[in-house]
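Shown next: run33.txt, given as compact mmCIF, N, CA and C atoms.
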# COMPACT_ATOMS: atom_id res chain seq x y z
N MET A 1 -12.14 -7.86 -14.62
CA MET A 1 -11.00 -7.17 -15.18
C MET A 1 -9.72 -7.88 -14.74
N ASP A 2 -8.70 -7.76 -15.56
CA ASP A 2 -7.43 -8.41 -15.27
C ASP A 2 -6.41 -7.38 -14.76
N ILE A 3 -5.64 -7.81 -13.79
CA ILE A 3 -4.54 -7.02 -13.24
C ILE A 3 -3.29 -7.39 -14.03
N LYS A 4 -2.62 -6.38 -14.55
CA LYS A 4 -1.34 -6.58 -15.24
C LYS A 4 -0.26 -6.02 -14.32
N ILE A 5 0.61 -6.89 -13.85
CA ILE A 5 1.61 -6.54 -12.85
C ILE A 5 2.44 -5.34 -13.31
N GLY A 6 2.48 -4.31 -12.44
CA GLY A 6 3.27 -3.12 -12.71
C GLY A 6 2.70 -2.20 -13.77
N ILE A 7 1.53 -2.57 -14.34
CA ILE A 7 0.99 -1.79 -15.45
C ILE A 7 -0.40 -1.24 -15.18
N SER A 8 -1.37 -2.14 -14.90
CA SER A 8 -2.75 -1.65 -14.84
C SER A 8 -3.70 -2.64 -14.18
N TYR A 9 -4.87 -2.10 -13.89
CA TYR A 9 -6.05 -2.88 -13.54
C TYR A 9 -7.16 -2.32 -14.42
N GLY A 10 -7.52 -3.06 -15.45
CA GLY A 10 -8.49 -2.54 -16.41
C GLY A 10 -7.96 -1.25 -17.00
N ASP A 11 -8.76 -0.18 -16.93
CA ASP A 11 -8.36 1.12 -17.47
C ASP A 11 -7.64 2.00 -16.47
N PHE A 12 -7.44 1.52 -15.24
CA PHE A 12 -6.62 2.25 -14.26
C PHE A 12 -5.17 1.90 -14.57
N ILE A 13 -4.38 2.89 -14.95
CA ILE A 13 -3.02 2.64 -15.43
C ILE A 13 -2.01 3.34 -14.53
N ILE A 14 -0.96 2.58 -14.14
CA ILE A 14 0.14 3.16 -13.38
C ILE A 14 0.73 4.30 -14.20
N GLY A 15 0.82 5.47 -13.59
CA GLY A 15 1.39 6.63 -14.28
C GLY A 15 0.35 7.65 -14.72
N MET A 16 -0.95 7.29 -14.68
CA MET A 16 -1.98 8.28 -15.02
C MET A 16 -1.90 9.44 -14.04
N PHE A 17 -2.19 10.62 -14.53
CA PHE A 17 -2.27 11.77 -13.64
C PHE A 17 -3.65 11.83 -12.99
N LYS A 18 -3.73 12.46 -11.84
CA LYS A 18 -4.98 12.56 -11.08
C LYS A 18 -6.10 13.10 -11.95
N LYS A 19 -5.80 14.13 -12.73
CA LYS A 19 -6.81 14.75 -13.60
C LYS A 19 -7.34 13.74 -14.63
N GLU A 20 -6.46 12.91 -15.17
CA GLU A 20 -6.87 11.89 -16.14
C GLU A 20 -7.80 10.86 -15.50
N VAL A 21 -7.49 10.47 -14.27
CA VAL A 21 -8.33 9.50 -13.55
C VAL A 21 -9.73 10.08 -13.35
N ILE A 22 -9.80 11.33 -12.90
CA ILE A 22 -11.10 11.98 -12.68
C ILE A 22 -11.86 12.11 -13.99
N ASN A 23 -11.18 12.51 -15.06
CA ASN A 23 -11.85 12.65 -16.36
C ASN A 23 -12.39 11.31 -16.87
N LYS A 24 -11.67 10.24 -16.64
CA LYS A 24 -12.07 8.92 -17.15
C LYS A 24 -13.10 8.22 -16.25
N PHE A 25 -12.93 8.32 -14.92
CA PHE A 25 -13.76 7.54 -14.00
C PHE A 25 -14.72 8.38 -13.17
N GLY A 26 -14.60 9.70 -13.26
CA GLY A 26 -15.46 10.57 -12.47
C GLY A 26 -14.90 10.81 -11.09
N LYS A 27 -15.67 11.55 -10.34
CA LYS A 27 -15.28 11.89 -8.97
C LYS A 27 -15.25 10.61 -8.12
N PRO A 28 -14.20 10.41 -7.34
CA PRO A 28 -14.14 9.21 -6.50
C PRO A 28 -15.17 9.25 -5.38
N ASN A 29 -15.50 8.09 -4.83
CA ASN A 29 -16.43 8.02 -3.71
C ASN A 29 -15.82 8.59 -2.43
N LYS A 30 -14.48 8.50 -2.34
CA LYS A 30 -13.79 8.99 -1.15
C LYS A 30 -12.37 9.37 -1.53
N THR A 31 -11.87 10.46 -0.92
CA THR A 31 -10.47 10.85 -1.08
C THR A 31 -9.88 11.05 0.31
N TYR A 32 -8.59 10.78 0.45
CA TYR A 32 -7.94 10.99 1.75
C TYR A 32 -6.43 11.02 1.61
N HIS A 33 -5.78 11.53 2.65
CA HIS A 33 -4.32 11.55 2.80
C HIS A 33 -4.02 10.83 4.10
N LEU A 34 -2.96 10.05 4.12
CA LEU A 34 -2.53 9.38 5.35
C LEU A 34 -1.34 10.14 5.91
N SER A 35 -1.37 10.41 7.20
CA SER A 35 -0.27 11.15 7.80
C SER A 35 1.02 10.33 7.71
N GLY A 36 2.11 11.02 7.43
CA GLY A 36 3.41 10.37 7.33
C GLY A 36 3.67 9.73 5.98
N ILE A 37 2.72 9.79 5.05
CA ILE A 37 2.89 9.20 3.73
C ILE A 37 2.71 10.30 2.69
N ASP A 38 3.67 10.36 1.76
CA ASP A 38 3.59 11.35 0.69
C ASP A 38 2.67 10.83 -0.40
N GLY A 39 1.44 11.19 -0.33
CA GLY A 39 0.51 10.75 -1.35
C GLY A 39 -0.93 10.98 -0.95
N SER A 40 -1.79 10.81 -1.91
CA SER A 40 -3.22 10.91 -1.65
C SER A 40 -3.90 9.70 -2.28
N TYR A 41 -5.13 9.45 -1.87
CA TYR A 41 -5.83 8.25 -2.27
C TYR A 41 -7.23 8.57 -2.79
N PHE A 42 -7.65 7.81 -3.79
CA PHE A 42 -9.03 7.84 -4.29
C PHE A 42 -9.61 6.45 -4.11
N GLU A 43 -10.84 6.39 -3.64
CA GLU A 43 -11.56 5.12 -3.59
C GLU A 43 -12.71 5.16 -4.59
N TYR A 44 -12.82 4.11 -5.38
CA TYR A 44 -13.93 3.93 -6.32
C TYR A 44 -14.67 2.67 -5.90
N ASN A 45 -15.86 2.86 -5.33
CA ASN A 45 -16.61 1.74 -4.76
C ASN A 45 -17.08 0.73 -5.80
N ASN A 46 -17.64 1.20 -6.92
CA ASN A 46 -18.14 0.25 -7.93
C ASN A 46 -17.04 -0.64 -8.48
N GLU A 47 -15.86 -0.09 -8.65
CA GLU A 47 -14.73 -0.83 -9.20
C GLU A 47 -13.97 -1.60 -8.12
N GLN A 48 -14.29 -1.33 -6.83
CA GLN A 48 -13.61 -1.95 -5.69
C GLN A 48 -12.10 -1.77 -5.79
N VAL A 49 -11.69 -0.50 -5.95
CA VAL A 49 -10.28 -0.19 -6.14
C VAL A 49 -9.90 1.07 -5.37
N ILE A 50 -8.67 1.08 -4.86
CA ILE A 50 -8.10 2.25 -4.20
C ILE A 50 -6.87 2.65 -5.00
N ILE A 51 -6.81 3.91 -5.39
CA ILE A 51 -5.73 4.43 -6.22
C ILE A 51 -4.87 5.36 -5.36
N LYS A 52 -3.55 5.13 -5.36
CA LYS A 52 -2.64 6.02 -4.64
C LYS A 52 -1.90 6.89 -5.65
N PHE A 53 -1.83 8.18 -5.34
CA PHE A 53 -1.09 9.14 -6.15
C PHE A 53 0.14 9.59 -5.39
N ASP A 54 1.30 9.57 -6.06
CA ASP A 54 2.53 10.06 -5.45
C ASP A 54 2.57 11.58 -5.51
N VAL A 55 3.15 12.17 -4.49
CA VAL A 55 3.38 13.61 -4.49
C VAL A 55 4.80 13.90 -3.98
N ASP A 56 5.73 12.98 -4.28
CA ASP A 56 7.08 13.12 -3.72
C ASP A 56 8.07 13.90 -4.56
N SER A 57 7.71 14.25 -5.78
CA SER A 57 8.61 15.08 -6.59
C SER A 57 7.81 15.86 -7.62
N SER A 58 8.43 16.86 -8.17
CA SER A 58 7.70 17.70 -9.13
C SER A 58 7.39 16.96 -10.42
N THR A 59 8.25 16.03 -10.83
CA THR A 59 8.00 15.31 -12.09
C THR A 59 6.96 14.21 -11.96
N ASN A 60 6.81 13.65 -10.77
CA ASN A 60 5.88 12.56 -10.56
C ASN A 60 4.63 12.98 -9.81
N ASN A 61 4.49 14.27 -9.59
CA ASN A 61 3.41 14.79 -8.77
C ASN A 61 2.04 14.35 -9.29
N ASN A 62 1.29 13.74 -8.40
CA ASN A 62 -0.09 13.33 -8.68
C ASN A 62 -0.23 12.29 -9.78
N ARG A 63 0.71 11.35 -9.85
CA ARG A 63 0.62 10.23 -10.77
C ARG A 63 0.21 8.99 -9.99
N VAL A 64 -0.56 8.10 -10.63
CA VAL A 64 -0.93 6.84 -10.01
C VAL A 64 0.34 6.02 -9.80
N SER A 65 0.63 5.70 -8.55
CA SER A 65 1.82 4.91 -8.23
C SER A 65 1.46 3.53 -7.66
N GLN A 66 0.21 3.39 -7.22
CA GLN A 66 -0.23 2.11 -6.65
C GLN A 66 -1.71 1.91 -6.92
N ILE A 67 -2.06 0.68 -7.22
CA ILE A 67 -3.46 0.31 -7.41
C ILE A 67 -3.73 -0.87 -6.48
N GLU A 68 -4.68 -0.68 -5.57
CA GLU A 68 -5.09 -1.75 -4.66
C GLU A 68 -6.46 -2.26 -5.09
N VAL A 69 -6.49 -3.52 -5.46
CA VAL A 69 -7.69 -4.13 -6.00
C VAL A 69 -8.34 -5.02 -4.94
N LYS A 70 -9.64 -4.78 -4.71
CA LYS A 70 -10.41 -5.57 -3.76
C LYS A 70 -11.59 -6.27 -4.43
N ASP A 71 -11.68 -6.16 -5.74
CA ASP A 71 -12.77 -6.75 -6.53
C ASP A 71 -12.58 -8.26 -6.62
N LYS A 72 -13.49 -9.00 -6.05
CA LYS A 72 -13.40 -10.47 -6.01
C LYS A 72 -13.55 -11.12 -7.38
N ASN A 73 -13.93 -10.36 -8.39
CA ASN A 73 -14.03 -10.88 -9.76
C ASN A 73 -12.76 -10.63 -10.56
N ALA A 74 -11.82 -9.87 -9.99
CA ALA A 74 -10.58 -9.54 -10.70
C ALA A 74 -9.71 -10.79 -10.85
N THR A 75 -9.00 -10.81 -11.97
CA THR A 75 -7.99 -11.85 -12.19
C THR A 75 -6.64 -11.16 -12.27
N ILE A 76 -5.58 -11.94 -12.09
CA ILE A 76 -4.23 -11.40 -12.24
C ILE A 76 -3.43 -12.37 -13.08
N GLN A 77 -2.90 -11.87 -14.19
CA GLN A 77 -2.19 -12.70 -15.14
C GLN A 77 -3.05 -13.88 -15.57
N GLY A 78 -4.38 -13.67 -15.55
CA GLY A 78 -5.31 -14.70 -15.94
C GLY A 78 -5.73 -15.65 -14.83
N PHE A 79 -5.15 -15.52 -13.64
CA PHE A 79 -5.48 -16.40 -12.51
C PHE A 79 -6.59 -15.78 -11.66
N GLN A 80 -7.56 -16.59 -11.25
CA GLN A 80 -8.60 -16.20 -10.30
C GLN A 80 -8.14 -16.70 -8.92
N LEU A 81 -7.76 -15.78 -8.03
CA LEU A 81 -7.13 -16.14 -6.76
C LEU A 81 -8.02 -15.99 -5.53
N TRP A 82 -9.12 -15.29 -5.66
CA TRP A 82 -9.95 -14.97 -4.49
C TRP A 82 -10.45 -16.26 -3.86
N GLY A 83 -10.31 -16.32 -2.55
CA GLY A 83 -10.74 -17.49 -1.81
C GLY A 83 -9.64 -18.52 -1.64
N LEU A 84 -8.51 -18.35 -2.33
CA LEU A 84 -7.41 -19.29 -2.19
C LEU A 84 -6.60 -18.98 -0.94
N SER A 85 -5.93 -19.99 -0.43
CA SER A 85 -5.09 -19.81 0.76
C SER A 85 -3.80 -19.09 0.38
N LYS A 86 -3.15 -18.57 1.41
CA LYS A 86 -1.88 -17.88 1.22
C LYS A 86 -0.84 -18.82 0.59
N SER A 87 -0.79 -20.05 1.06
CA SER A 87 0.20 -20.99 0.53
C SER A 87 -0.06 -21.33 -0.93
N LYS A 88 -1.32 -21.40 -1.31
CA LYS A 88 -1.66 -21.68 -2.71
C LYS A 88 -1.27 -20.51 -3.61
N VAL A 89 -1.58 -19.27 -3.18
CA VAL A 89 -1.21 -18.07 -3.94
C VAL A 89 0.31 -18.00 -4.05
N LYS A 90 1.00 -18.26 -2.94
CA LYS A 90 2.47 -18.25 -2.92
C LYS A 90 3.02 -19.24 -3.93
N ASN A 91 2.53 -20.46 -3.93
CA ASN A 91 3.01 -21.49 -4.85
C ASN A 91 2.78 -21.10 -6.31
N ILE A 92 1.59 -20.59 -6.60
CA ILE A 92 1.26 -20.19 -7.99
C ILE A 92 2.20 -19.10 -8.48
N PHE A 93 2.40 -18.05 -7.66
CA PHE A 93 3.17 -16.91 -8.14
C PHE A 93 4.68 -17.07 -8.01
N GLU A 94 5.15 -17.91 -7.10
CA GLU A 94 6.58 -18.20 -7.10
C GLU A 94 6.94 -18.96 -8.38
N LYS A 95 6.06 -19.85 -8.80
CA LYS A 95 6.29 -20.59 -10.05
C LYS A 95 6.13 -19.66 -11.26
N GLU A 96 5.08 -18.85 -11.26
CA GLU A 96 4.78 -17.95 -12.38
C GLU A 96 5.87 -16.89 -12.57
N LEU A 97 6.35 -16.30 -11.46
CA LEU A 97 7.33 -15.21 -11.53
C LEU A 97 8.78 -15.69 -11.39
N LYS A 98 8.93 -16.97 -11.08
CA LYS A 98 10.27 -17.57 -10.92
C LYS A 98 11.12 -16.83 -9.89
N THR A 99 10.50 -16.52 -8.76
CA THR A 99 11.19 -15.85 -7.66
C THR A 99 10.47 -16.20 -6.36
N GLU A 100 11.16 -16.02 -5.24
CA GLU A 100 10.56 -16.30 -3.95
C GLU A 100 9.83 -15.08 -3.40
N ALA A 101 8.79 -15.35 -2.67
CA ALA A 101 8.01 -14.29 -2.02
C ALA A 101 8.53 -14.06 -0.61
N SER A 102 8.29 -12.86 -0.09
CA SER A 102 8.58 -12.59 1.32
C SER A 102 7.24 -12.43 2.04
N LEU A 103 7.20 -12.88 3.26
CA LEU A 103 5.98 -12.85 4.06
C LEU A 103 6.18 -11.92 5.24
N GLU A 104 5.22 -11.02 5.45
CA GLU A 104 5.23 -10.12 6.61
C GLU A 104 3.94 -10.31 7.39
N ASP A 105 4.06 -10.35 8.71
CA ASP A 105 2.91 -10.49 9.60
C ASP A 105 2.71 -9.18 10.35
N TYR A 106 1.55 -8.55 10.15
CA TYR A 106 1.22 -7.28 10.79
C TYR A 106 0.16 -7.45 11.87
N ASP A 107 0.11 -8.59 12.48
CA ASP A 107 -0.85 -8.95 13.54
C ASP A 107 -2.26 -9.14 13.02
N THR A 108 -2.87 -8.10 12.44
CA THR A 108 -4.25 -8.23 11.99
C THR A 108 -4.37 -8.69 10.54
N PHE A 109 -3.24 -8.63 9.80
CA PHE A 109 -3.23 -9.13 8.43
C PHE A 109 -1.80 -9.51 8.06
N GLU A 110 -1.64 -10.25 6.96
CA GLU A 110 -0.34 -10.66 6.48
C GLU A 110 -0.19 -10.27 5.01
N THR A 111 1.05 -10.05 4.59
CA THR A 111 1.30 -9.75 3.18
C THR A 111 2.30 -10.74 2.61
N LEU A 112 2.10 -11.04 1.36
CA LEU A 112 2.98 -11.88 0.57
C LEU A 112 3.48 -10.98 -0.55
N SER A 113 4.79 -10.68 -0.58
CA SER A 113 5.32 -9.69 -1.51
C SER A 113 6.33 -10.30 -2.48
N PHE A 114 6.25 -9.80 -3.70
CA PHE A 114 7.23 -10.10 -4.74
C PHE A 114 7.86 -8.76 -5.11
N ASP A 115 8.90 -8.40 -4.36
CA ASP A 115 9.46 -7.05 -4.44
C ASP A 115 9.97 -6.67 -5.82
N ASP A 116 10.60 -7.60 -6.53
CA ASP A 116 11.12 -7.27 -7.87
C ASP A 116 10.02 -6.94 -8.86
N PHE A 117 8.79 -7.34 -8.54
CA PHE A 117 7.66 -7.09 -9.42
C PHE A 117 6.69 -6.06 -8.85
N SER A 118 7.05 -5.47 -7.69
CA SER A 118 6.19 -4.49 -7.01
C SER A 118 4.77 -5.01 -6.89
N LEU A 119 4.66 -6.24 -6.40
CA LEU A 119 3.39 -6.95 -6.28
C LEU A 119 3.22 -7.42 -4.85
N GLU A 120 2.02 -7.20 -4.30
CA GLU A 120 1.76 -7.60 -2.92
C GLU A 120 0.34 -8.14 -2.80
N PHE A 121 0.22 -9.26 -2.13
CA PHE A 121 -1.07 -9.86 -1.82
C PHE A 121 -1.29 -9.70 -0.32
N SER A 122 -2.47 -9.25 0.10
CA SER A 122 -2.79 -9.10 1.52
C SER A 122 -3.83 -10.14 1.92
N PHE A 123 -3.62 -10.73 3.11
CA PHE A 123 -4.49 -11.79 3.62
C PHE A 123 -4.98 -11.44 5.01
N GLU A 124 -6.22 -11.75 5.25
CA GLU A 124 -6.83 -11.58 6.56
C GLU A 124 -7.57 -12.87 6.87
N LEU A 125 -7.37 -13.39 8.06
CA LEU A 125 -7.99 -14.66 8.47
C LEU A 125 -7.73 -15.76 7.44
N GLY A 126 -6.50 -15.73 6.86
CA GLY A 126 -6.08 -16.77 5.93
C GLY A 126 -6.59 -16.64 4.51
N LYS A 127 -7.38 -15.59 4.23
CA LYS A 127 -7.95 -15.42 2.89
C LYS A 127 -7.46 -14.13 2.24
N LEU A 128 -7.31 -14.17 0.93
CA LEU A 128 -6.89 -13.02 0.16
C LEU A 128 -7.93 -11.90 0.28
N ILE A 129 -7.47 -10.69 0.64
CA ILE A 129 -8.39 -9.54 0.75
C ILE A 129 -8.07 -8.43 -0.24
N SER A 130 -6.82 -8.38 -0.74
CA SER A 130 -6.49 -7.37 -1.74
C SER A 130 -5.21 -7.75 -2.48
N ILE A 131 -5.10 -7.17 -3.68
CA ILE A 131 -3.90 -7.32 -4.50
C ILE A 131 -3.43 -5.91 -4.82
N ASN A 132 -2.15 -5.63 -4.52
CA ASN A 132 -1.57 -4.32 -4.77
C ASN A 132 -0.51 -4.41 -5.85
N ILE A 133 -0.62 -3.52 -6.84
CA ILE A 133 0.46 -3.38 -7.81
C ILE A 133 0.98 -1.97 -7.69
N ASP A 134 2.30 -1.85 -7.73
CA ASP A 134 2.95 -0.54 -7.62
C ASP A 134 3.75 -0.28 -8.88
N VAL A 135 4.17 0.97 -9.03
CA VAL A 135 5.07 1.32 -10.12
C VAL A 135 6.36 0.52 -9.94
N ILE A 136 6.86 -0.01 -11.03
CA ILE A 136 8.10 -0.78 -11.00
C ILE A 136 9.27 0.17 -11.25
N LEU A 137 10.37 -0.08 -10.56
CA LEU A 137 11.57 0.74 -10.71
C LEU A 137 12.56 0.02 -11.61
N ASP A 138 13.26 0.80 -12.44
CA ASP A 138 14.29 0.20 -13.29
C ASP A 138 15.59 0.05 -12.49
N GLU A 139 16.67 -0.38 -13.16
CA GLU A 139 17.94 -0.64 -12.47
C GLU A 139 18.55 0.62 -11.86
N ASN A 140 18.11 1.81 -12.30
CA ASN A 140 18.59 3.07 -11.74
C ASN A 140 17.64 3.62 -10.67
N GLU A 141 16.65 2.81 -10.29
CA GLU A 141 15.65 3.21 -9.29
C GLU A 141 14.71 4.30 -9.80
N ASP A 142 14.59 4.43 -11.13
CA ASP A 142 13.64 5.36 -11.73
C ASP A 142 12.34 4.64 -12.02
N GLU A 143 11.24 5.34 -11.84
CA GLU A 143 9.92 4.75 -12.08
C GLU A 143 9.72 4.44 -13.56
N ILE A 144 9.04 3.33 -13.81
CA ILE A 144 8.63 2.98 -15.17
C ILE A 144 7.15 3.29 -15.27
N TRP A 145 6.82 4.43 -15.85
CA TRP A 145 5.43 4.87 -15.98
C TRP A 145 4.85 4.30 -17.26
N HIS A 146 3.58 3.97 -17.23
CA HIS A 146 2.92 3.38 -18.40
C HIS A 146 1.91 4.31 -19.04
N LYS A 147 1.90 5.54 -18.64
CA LYS A 147 0.97 6.53 -19.21
C LYS A 147 1.71 7.79 -19.49
If you convert what's in this file into structure tokens, what do you get?
Amino acid sequence: MDIKIGISYGDFIIGMFKKEVINKFGKPNKTYHLSGIDGSYFEYNNEQVIIKFDVDSSTNNNRVSQIEVKDKNATIQGFQLWGLSKSKVKNIFEKELKTEASLEDYDTFETLSFDDFSLEFSFELGKLISINIDVILDENEDEIWHK
């Protein structure tokens, strides 16, 4: 399946409501809430995806706001990145998106972020371990929902 930045991963679409996700994909393998974060998470093992739902306002309550993809067969914008180094991914997407990435080191893993595109690549031991797409905000800081 292909990841479309700010939009979707296959049939998982930014902006879907929790009920729609359950109706389309069934009961998740695991659900959880993280303390200090306004949201809940669904894990779907077969799809190798973690879905985050926002619960920060009445209008956006329980909408998909983030999709974390761990499926090694996934492509993004047509690129197959799994197994590539951080520098190679950085070079490809800085050229593709025509913007610079920011790098954060969290001791046990690192992230390469393209903030204007709400796109983040996570690396562990120098290898890509996940790709995160989030809801994109417009110039007024309002979410751009695709569902």
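Coordinates place CA of Phe123 in chain A at a distance of 4.8 Å from atom C of Glu110 in chain A.
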- Task: Enumerate the residues of chain A with a DSSP assignment of strand (DSSP E or B), computed from the backbone, and present them as number ranges by chain.
- Result: A: 2-4, 8-9, 12-13, 17, 30-33, 39-44, 49-54, 63-69, 75-76, 79, 85, 102-105, 110-114, 119-124, 127-134, 136-137, 143-144
- From the set A:Ile7, A:Trp82, A:Phe114, A:Lys24, which residue has the shortest atom-to-atom contact distance to Glu96 in chain A, counting only C-alpha atoms? A:Phe114
- Coordinates-based distance that separates CA of Gly15 in chain A from CA of Asn45 in chain A (Å, one decimal):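 If I compute the distance from CA of Asn45 in chain A to CA of Gly15 in chain A, I get 20.9 Å.
Reported to one decimal place, the separation of atom N of Asp107 in chain A from atom C of Ile5 in chain A is 26.1 Å.
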- Hey, which of A:Lys18, A:Lys72, A:Lys90, A:Lys98 ends up closest to Phe53 in chain A? Count all atoms listed in the file. A:Lys18
- Message: Give me, as a ChimeraX atom specification, the residues of range 89-127 of chain A that a backbone DSSP run labels alpha helix (DSSP H).
- Response: /A:89-97
- Go through A:Ile14, A:Val89, A:Leu128, A:Leu112 and flag the residue nearest Glu143 in chain A, using only C-alpha atoms for the distances.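 Selected residue with least distance to Glu143 in chain A: A:Ile14.
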- Message: Between A:Ser85, A:Thr75, A:Gln80, A:Ser40, which residue has the minimum interatomic distance to Arg63 in chain A, considering only C-alpha atoms?
- Response: A:Ser40
- For Gly83 in chain A, the nearest of the candidates A:Asp142, A:Val135, A:Asn29, A:Gly126, counting all atoms listed in the file: A:Gly126
- Query: Using only N, CA and C atoms, which of the listed residues (A:Thr99, A:Tyr44, A:Asn61, A:Ile67) sits closest to Tyr9 in chain A?
  - Reply: A:Ile67
- Give me the residues within 12 Å of Tyr32 in chain A as an NGL selection string, counting only C-alpha atoms and dropping any in the same chain fewer than 5 places off. :A and (37-43 or 50-53)
- Message: For a cutoff of 8 Å around the file-coordinate point (8.7, -4.6, -6.6), which residues qualify once you count only C-alpha atoms? I'd like the result as a PyMOL selection string.
- Response: chain A and resi 113-119+134-137
Enclose all atoms of range 48-54 of chain A listed in the file in an axis-aligned box, grow every side by 4 Å, and hand back centre and edge lengths in Å to one decimal, as AutoDock Vina command-line options.
--center_x -5.9 --center_y 4.8 --center_z -5.5 --size_x 24.9 --size_y 21.5 --size_z 10.6
